[in-house]
$ cat final.csv   # CSV, C-alpha atoms
chain,number,residue,atom,x,y,z
A,1,MET,CA,13.9,-17.9,4.4
A,2,GLU,CA,14.2,-15.5,1.5
A,3,ASN,CA,10.4,-15.4,1.1
A,4,ARG,CA,9.9,-14.5,4.7
A,5,SER,CA,12.5,-11.7,4.4
A,6,PHE,CA,10.6,-10.4,1.3
A,7,TYR,CA,7.3,-10.6,3.3
A,8,ASN,CA,8.8,-8.7,6.2
A,9,GLU,CA,10.3,-6.0,3.9
A,10,ILE,CA,7.1,-5.4,2.0
A,11,LEU,CA,4.9,-5.2,5.2
A,12,THR,CA,7.4,-3.0,6.9
A,13,GLU,CA,7.4,-0.6,4.0
A,14,HIS,CA,3.6,-0.4,3.9
A,15,LYS,CA,3.4,0.0,7.6
A,16,LEU,CA,6.0,2.8,7.7
A,17,HIS,CA,4.8,4.5,4.5
A,18,PRO,CA,1.2,3.6,3.8
A,19,GLU,CA,0.0,5.3,0.5
A,20,PHE,CA,-3.7,5.0,1.2
A,21,LYS,CA,-3.9,5.7,5.0
A,22,HIS,CA,-5.8,9.0,4.9
A,23,ASP,CA,-9.3,10.3,5.0
A,24,LEU,CA,-11.5,10.2,2.0
A,25,PRO,CA,-14.4,12.5,3.0
A,26,ASP,CA,-16.3,12.1,-0.3
A,27,ALA,CA,-16.2,8.3,-0.3
A,28,ASP,CA,-19.1,6.6,-1.9
A,29,ILE,CA,-18.7,3.5,0.2
A,30,VAL,CA,-17.5,3.4,3.8
A,31,LEU,CA,-17.4,0.1,5.7
A,32,GLU,CA,-15.8,-1.0,9.0
A,33,GLY,CA,-13.9,-4.3,9.1
A,34,VAL,CA,-13.2,-5.8,12.4
A,35,ASN,CA,-11.1,-8.8,13.4
A,36,PRO,CA,-11.9,-9.5,17.1
A,37,SER,CA,-9.2,-12.1,17.4
A,38,CYS,CA,-6.3,-9.7,17.0
A,39,GLY,CA,-8.1,-6.3,17.5
A,40,ASP,CA,-7.5,-5.0,14.0
A,41,ASP,CA,-10.2,-2.5,13.0
A,42,ILE,CA,-10.2,-0.7,9.7
A,43,PHE,CA,-12.5,1.7,7.9
A,44,LEU,CA,-12.3,1.0,4.2
A,45,LYS,CA,-13.4,4.0,2.0
A,46,LEU,CA,-13.9,3.7,-1.7
A,47,LYS,CA,-14.6,6.4,-4.3
A,48,LEU,CA,-16.4,5.2,-7.4
A,49,ASP,CA,-16.9,6.5,-10.9
A,50,GLY,CA,-19.6,4.2,-12.2
A,51,ASP,CA,-18.1,0.8,-12.0
A,52,VAL,CA,-14.5,1.9,-11.5
A,53,ILE,CA,-12.8,2.3,-8.2
A,54,THR,CA,-11.1,5.7,-8.5
A,55,ASP,CA,-9.7,6.2,-5.1
A,56,GLY,CA,-9.4,4.3,-1.8
A,57,ALA,CA,-8.3,5.0,1.8
A,58,PHE,CA,-8.3,3.3,5.1
A,59,ALA,CA,-8.0,4.3,8.7
A,60,VAL,CA,-5.9,2.4,11.2
A,61,SER,CA,-2.6,0.9,10.3
A,62,GLN,CA,-2.9,-2.2,8.2
A,63,ALA,CA,-0.1,-2.9,5.7
A,64,SER,CA,-2.2,-5.6,3.8
A,65,ALA,CA,-5.0,-3.1,3.3
A,66,ASP,CA,-2.5,-0.6,1.8
A,67,ILE,CA,-1.2,-3.2,-0.6
A,68,MET,CA,-4.8,-4.1,-1.5
A,69,LEU,CA,-5.8,-0.5,-2.3
A,70,GLY,CA,-2.6,0.0,-4.4
A,71,MET,CA,-3.8,-2.9,-6.5
A,72,ILE,CA,-7.5,-2.0,-6.9
A,73,VAL,CA,-7.6,1.7,-7.4
A,74,GLY,CA,-8.3,2.3,-11.1
A,75,LYS,CA,-9.8,-1.2,-11.5
A,76,LYS,CA,-13.4,-2.2,-12.1
A,77,LYS,CA,-15.3,-3.6,-9.1
A,78,GLU,CA,-15.5,-7.0,-10.7
A,79,ASP,CA,-11.7,-7.1,-11.2
A,80,ALA,CA,-11.1,-6.0,-7.6
A,81,LEU,CA,-13.4,-8.8,-6.4
A,82,LYS,CA,-11.6,-11.3,-8.6
A,83,MET,CA,-8.2,-10.2,-7.1
A,84,GLY,CA,-9.8,-10.7,-3.7
A,85,GLU,CA,-10.8,-14.2,-4.6
A,86,ILE,CA,-7.3,-15.0,-5.8
A,87,PHE,CA,-5.8,-13.5,-2.7
A,88,LEU,CA,-7.9,-15.7,-0.4
A,89,LYS,CA,-7.1,-18.7,-2.6
A,90,MET,CA,-3.4,-17.9,-2.2
A,91,ILE,CA,-3.7,-17.6,1.6
A,92,GLN,CA,-5.5,-21.0,1.7
A,93,GLY,CA,-2.8,-22.6,-0.5
A,94,GLU,CA,-5.2,-23.2,-3.4
A,95,ALA,CA,-4.0,-20.6,-6.0
A,96,SER,CA,-1.9,-21.5,-9.0
A,97,GLU,CA,1.5,-19.9,-9.6
A,98,ASP,CA,0.0,-17.8,-12.4
A,99,GLU,CA,-2.7,-16.5,-10.0
A,100,ILE,CA,-0.2,-15.8,-7.3
A,101,ASP,CA,2.0,-13.9,-9.8
A,102,SER,CA,-1.0,-11.8,-10.9
A,103,LEU,CA,-1.2,-10.5,-7.3
A,104,GLU,CA,2.1,-8.7,-7.8
A,105,GLU,CA,3.2,-7.2,-4.4
A,106,ALA,CA,0.5,-9.0,-2.5
A,107,SER,CA,2.1,-12.3,-3.5
A,108,ALA,CA,4.6,-11.5,-0.7
A,109,LEU,CA,1.9,-12.6,1.7
A,110,ARG,CA,1.7,-16.1,0.3
A,111,ASP,CA,3.5,-17.7,3.2
A,112,ILE,CA,1.2,-16.1,5.8
A,113,ALA,CA,-0.8,-19.4,5.8
A,114,HIS,CA,2.1,-20.7,8.0
A,115,MET,CA,1.4,-18.0,10.5
A,116,PRO,CA,-2.2,-18.7,11.6
A,117,ALA,CA,-2.3,-15.7,14.0
A,118,ARG,CA,-1.7,-13.3,11.1
A,119,VAL,CA,-4.1,-14.9,8.5
A,120,LYS,CA,-7.2,-13.0,9.7
A,121,CYS,CA,-5.2,-9.8,9.8
A,122,ALA,CA,-3.9,-10.2,6.3
A,123,VAL,CA,-7.4,-11.0,4.8
A,124,LEU,CA,-9.3,-8.3,6.8
A,125,GLY,CA,-9.0,-5.6,4.1
A,126,TRP,CA,-9.9,-8.1,1.3
A,127,ARG,CA,-13.0,-9.4,3.2
A,128,THR,CA,-14.1,-5.9,4.0
A,129,LEU,CA,-13.6,-4.9,0.3
A,130,LYS,CA,-15.8,-7.8,-0.8
A,131,GLU,CA,-18.6,-6.9,1.6
A,132,ALA,CA,-18.3,-3.2,0.6
A,133,LEU,CA,-18.6,-3.9,-3.1
A,134,LEU,CA,-21.3,-6.5,-2.9
A,135,ASP,CA,-23.5,-4.5,-0.5
A,136,GLY,CA,-22.5,-0.9,-1.6
A,137,PRO,CA,-24.0,1.3,-4.4
$ encode --input "final.csv" --output "C-alpha coordinates"
Amino acid sequence: MENRSFYNEILTEHKLHPEFKHDLPDADIVLEGVNPSCGDDIFLKLKLDGDVITDGAFAVSQASADIMLGMIVGKKKEDALKMGEIFLKMIQGEASEDEIDSLEEASALRDIAHMPARVKCAVLGWRTLKEALLDGP
(Lines of atoms letter the chains of each structure in order from A and count residues from 1; the text may use other names and numbers.)
(Lines give C-alpha, C1' and ligand atoms only; values in the text may rest on other atoms or scores of the structure.)
Protein backbone atom coordinates (compact mmCIF):
# COMPACT_ATOMS: atom_id res chain seq x y z
CA MET A 1 0.00 0.00 0.00
CA GLU A 2 2.95 2.31 0.64
CA ASN A 3 3.96 2.14 -3.06
CA ARG A 4 0.48 3.17 -4.17
CA SER A 5 0.55 6.10 -1.75
CA PHE A 6 3.95 7.17 -3.13
CA TYR A 7 2.57 6.83 -6.67
CA ASN A 8 -0.45 8.99 -5.82
CA GLU A 9 1.70 11.61 -4.08
CA ILE A 10 4.09 12.00 -7.01
CA LEU A 11 1.36 12.11 -9.65
CA THR A 12 -0.65 14.61 -7.63
CA GLU A 13 2.39 16.86 -7.25
CA HIS A 14 3.10 16.81 -11.00
CA LYS A 15 -0.56 17.34 -11.82
CA LEU A 16 -0.88 20.34 -9.49
CA HIS A 17 2.56 21.84 -10.20
CA PRO A 18 3.82 20.64 -13.60
CA GLU A 19 7.24 22.09 -14.28
CA PHE A 20 7.15 21.57 -18.04
CA LYS A 21 3.55 22.50 -18.89
CA HIS A 22 4.13 25.64 -20.91
CA ASP A 23 4.62 26.77 -24.48
CA LEU A 24 7.97 26.38 -26.19
CA PRO A 25 7.55 28.53 -29.32
CA ASP A 26 11.08 27.89 -30.64
CA ALA A 27 10.87 24.09 -30.30
CA ASP A 28 12.86 22.08 -32.82
CA ILE A 29 10.47 19.12 -32.58
CA VAL A 30 6.72 19.24 -31.98
CA LEU A 31 4.70 16.05 -32.00
CA GLU A 32 1.17 15.25 -30.91
CA GLY A 33 0.61 12.09 -28.92
CA VAL A 34 -2.93 10.75 -28.65
CA ASN A 35 -4.40 7.94 -26.57
CA PRO A 36 -7.90 7.36 -27.94
CA SER A 37 -8.80 4.87 -25.20
CA CYS A 38 -8.75 7.52 -22.46
CA GLY A 39 -8.81 10.73 -24.46
CA ASP A 40 -5.36 11.94 -23.41
CA ASP A 41 -3.80 14.22 -25.98
CA ILE A 42 -0.41 15.90 -25.52
CA PHE A 43 1.79 18.08 -27.65
CA LEU A 44 5.39 17.24 -26.81
CA LYS A 45 7.85 20.02 -27.67
CA LEU A 46 11.62 19.61 -27.53
CA LYS A 47 14.44 22.11 -27.99
CA LEU A 48 17.75 20.63 -29.14
CA ASP A 49 21.33 21.81 -29.19
CA GLY A 50 22.90 19.31 -31.52
CA ASP A 51 22.25 15.96 -29.89
CA VAL A 52 21.30 17.29 -26.44
CA ILE A 53 17.73 17.99 -25.32
CA THR A 54 18.03 21.48 -23.80
CA ASP A 55 14.38 22.15 -22.99
CA GLY A 56 11.03 20.47 -23.18
CA ALA A 57 7.39 21.32 -22.73
CA PHE A 58 3.98 19.78 -23.10
CA ALA A 59 0.47 21.02 -23.49
CA VAL A 60 -2.45 19.33 -21.73
CA SER A 61 -2.18 17.99 -18.20
CA GLN A 62 -0.21 14.77 -18.00
CA ALA A 63 1.80 14.10 -14.86
CA SER A 64 3.79 11.27 -16.42
CA ALA A 65 4.92 13.58 -19.25
CA ASP A 66 6.09 16.15 -16.70
CA ILE A 67 8.10 13.51 -14.85
CA MET A 68 9.58 12.35 -18.16
CA LEU A 69 10.64 15.84 -19.22
CA GLY A 70 12.26 16.43 -15.84
CA MET A 71 14.39 13.37 -16.50
CA ILE A 72 15.41 14.03 -20.12
CA VAL A 73 16.14 17.76 -20.29
CA GLY A 74 19.93 18.07 -20.40
CA LYS A 75 20.37 14.51 -21.66
CA LYS A 76 21.47 13.30 -25.07
CA LYS A 77 18.77 11.91 -27.33
CA GLU A 78 20.20 8.39 -27.10
CA ASP A 79 20.10 8.57 -23.29
CA ALA A 80 16.49 9.79 -23.35
CA LEU A 81 15.55 6.92 -25.66
CA LYS A 82 17.27 4.45 -23.32
CA MET A 83 15.31 5.85 -20.35
CA GLY A 84 12.14 5.38 -22.38
CA GLU A 85 13.04 1.76 -23.07
CA ILE A 86 13.64 1.14 -19.38
CA PHE A 87 10.38 2.89 -18.46
CA LEU A 88 8.40 0.67 -20.85
CA LYS A 89 10.20 -2.43 -19.53
CA MET A 90 9.27 -1.38 -16.01
CA ILE A 91 5.61 -0.93 -16.92
CA GLN A 92 5.66 -4.39 -18.55
CA GLY A 93 7.23 -5.91 -15.42
CA GLU A 94 10.48 -6.77 -17.24
CA ALA A 95 12.94 -4.24 -15.75
CA SER A 96 15.58 -5.15 -13.19
CA GLU A 97 15.68 -3.38 -9.83
CA ASP A 98 18.78 -1.44 -10.94
CA GLU A 99 16.98 -0.29 -14.09
CA ILE A 100 13.95 0.77 -12.07
CA ASP A 101 16.17 2.66 -9.62
CA SER A 102 17.77 4.51 -12.56
CA LEU A 103 14.35 5.99 -13.39
CA GLU A 104 14.38 7.98 -10.14
CA GLU A 105 10.97 9.65 -9.65
CA ALA A 106 9.42 7.80 -12.59
CA SER A 107 9.94 4.57 -10.65
CA ALA A 108 6.86 5.57 -8.63
CA LEU A 109 4.84 4.46 -11.66
CA ARG A 110 6.12 0.87 -11.46
CA ASP A 111 2.84 -0.48 -10.10
CA ILE A 112 0.76 1.07 -12.87
CA ALA A 113 0.86 -2.31 -14.61
CA HIS A 114 -1.77 -3.38 -12.07
CA MET A 115 -4.04 -0.57 -13.29
CA PRO A 116 -4.56 -1.46 -16.98
CA ALA A 117 -6.74 1.57 -17.67
CA ARG A 118 -3.84 3.88 -16.71
CA VAL A 119 -0.98 2.11 -18.54
CA LYS A 120 -1.58 3.80 -21.89
CA CYS A 121 -1.85 7.17 -20.17
CA ALA A 122 1.43 6.67 -18.29
CA VAL A 123 3.38 5.64 -21.40
CA LEU A 124 1.90 8.21 -23.81
CA GLY A 125 4.63 10.80 -23.22
CA TRP A 126 7.40 8.20 -23.52
CA ARG A 127 5.98 6.76 -26.75
CA THR A 128 5.57 10.26 -28.19
CA LEU A 129 9.17 11.09 -27.17
CA LYS A 130 10.49 8.01 -28.97
CA GLU A 131 8.58 8.86 -32.12
CA ALA A 132 9.67 12.52 -31.95
CA LEU A 133 13.37 11.69 -31.51
CA LEU A 134 13.49 8.93 -34.10
CA ASP A 135 11.56 10.88 -36.74
CA GLY A 136 12.71 14.41 -35.80
CA PRO A 137 15.76 16.40 -36.95
$ closest_residue --input "final.csv" --among "A:Thr54, A:Ser5, A:Ser64, A:Thr12" --to "Trp126 in chain A" --atoms "all atoms listed in the file"
A:Ser64
$ residues_around --input "final.csv" --residues "Lys130 in chain A" --least-positions-apart "6" --cutoff "12 Å" --atoms "all atoms listed in the file" --output "list in words"
Ile29, Leu31, Glu32, Gly33, Leu44, Leu46, Met68, Ile72, Lys77, Glu78, Asp79, Ala80, Leu81, Lys82, Met83, Gly84, Glu85, Phe87, Leu88, Val123, Leu124 and Gly136 of chain A
$ write_last_selection --input "final.csv" --atoms "C-alpha atoms" --output "short mmCIF file (atom, residue, chain, number, x, y, z; two decimals), in the frame of the given file"
data_model
loop_
_atom_site.label_atom_id
_atom_site.label_comp_id
_atom_site.auth_asym_id
_atom_site.auth_seq_id
_atom_site.Cartn_x
_atom_site.Cartn_y
_atom_site.Cartn_z
CA ILE A 29 -18.70 3.50 0.20
CA LEU A 31 -17.40 0.10 5.70
CA GLU A 32 -15.80 -1.00 9.00
CA GLY A 33 -13.90 -4.30 9.10
CA LEU A 44 -12.30 1.00 4.20
CA LEU A 46 -13.90 3.70 -1.70
CA MET A 68 -4.80 -4.10 -1.50
CA ILE A 72 -7.50 -2.00 -6.90
CA LYS A 77 -15.30 -3.60 -9.10
CA GLU A 78 -15.50 -7.00 -10.70
CA ASP A 79 -11.70 -7.10 -11.20
CA ALA A 80 -11.10 -6.00 -7.60
CA LEU A 81 -13.40 -8.80 -6.40
CA LYS A 82 -11.60 -11.30 -8.60
CA MET A 83 -8.20 -10.20 -7.10
CA GLY A 84 -9.80 -10.70 -3.70
CA GLU A 85 -10.80 -14.20 -4.60
CA PHE A 87 -5.80 -13.50 -2.70
CA LEU A 88 -7.90 -15.70 -0.40
CA VAL A 123 -7.40 -11.00 4.80
CA LEU A 124 -9.30 -8.30 6.80
CA GLY A 136 -22.50 -0.90 -1.60
#
$ closest_residue --input "final.csv" --among "A:Leu24, A:Ile86, A:His14, A:Phe43" --to "Gly56 in chain A" --atoms "all atoms listed in the file"
A:Leu24
$ atom_distance --input "final.csv" --atom1 "CA of Lys120 in chain A" --atom2 "CA of Leu48 in chain A"
26.6 Å
$ residues_around --input "final.csv" --residues "range 15-19 of chain A" --least-positions-apart "4" --cutoff "12 Å" --atoms "only C-alpha atoms" --output "NGL selection string"
:A and (8-11 or 23 or 55-71 or 73)
$ atom_distance --input "final.csv" --atom1 "CA of Glu104 in chain A" --atom2 "CA of Leu129 in chain A"
18.1 Å
$ atom_distance --input "final.csv" --atom1 "CA of Ala95 in chain A" --atom2 "CA of Arg110 in chain A"
9.6 Å
$ closest_residue --input "final.csv" --among "A:Ile91, A:Leu109, A:Cys121, A:Ile100" --to "Val34 in chain A" --atoms "all atoms listed in the file"
A:Cys121
$ closest_residue --input "final.csv" --among "A:Ala27, A:Val52, A:Met90, A:Leu134" --to "Ile112 in chain A" --atoms "all atoms listed in the file"
A:Met90
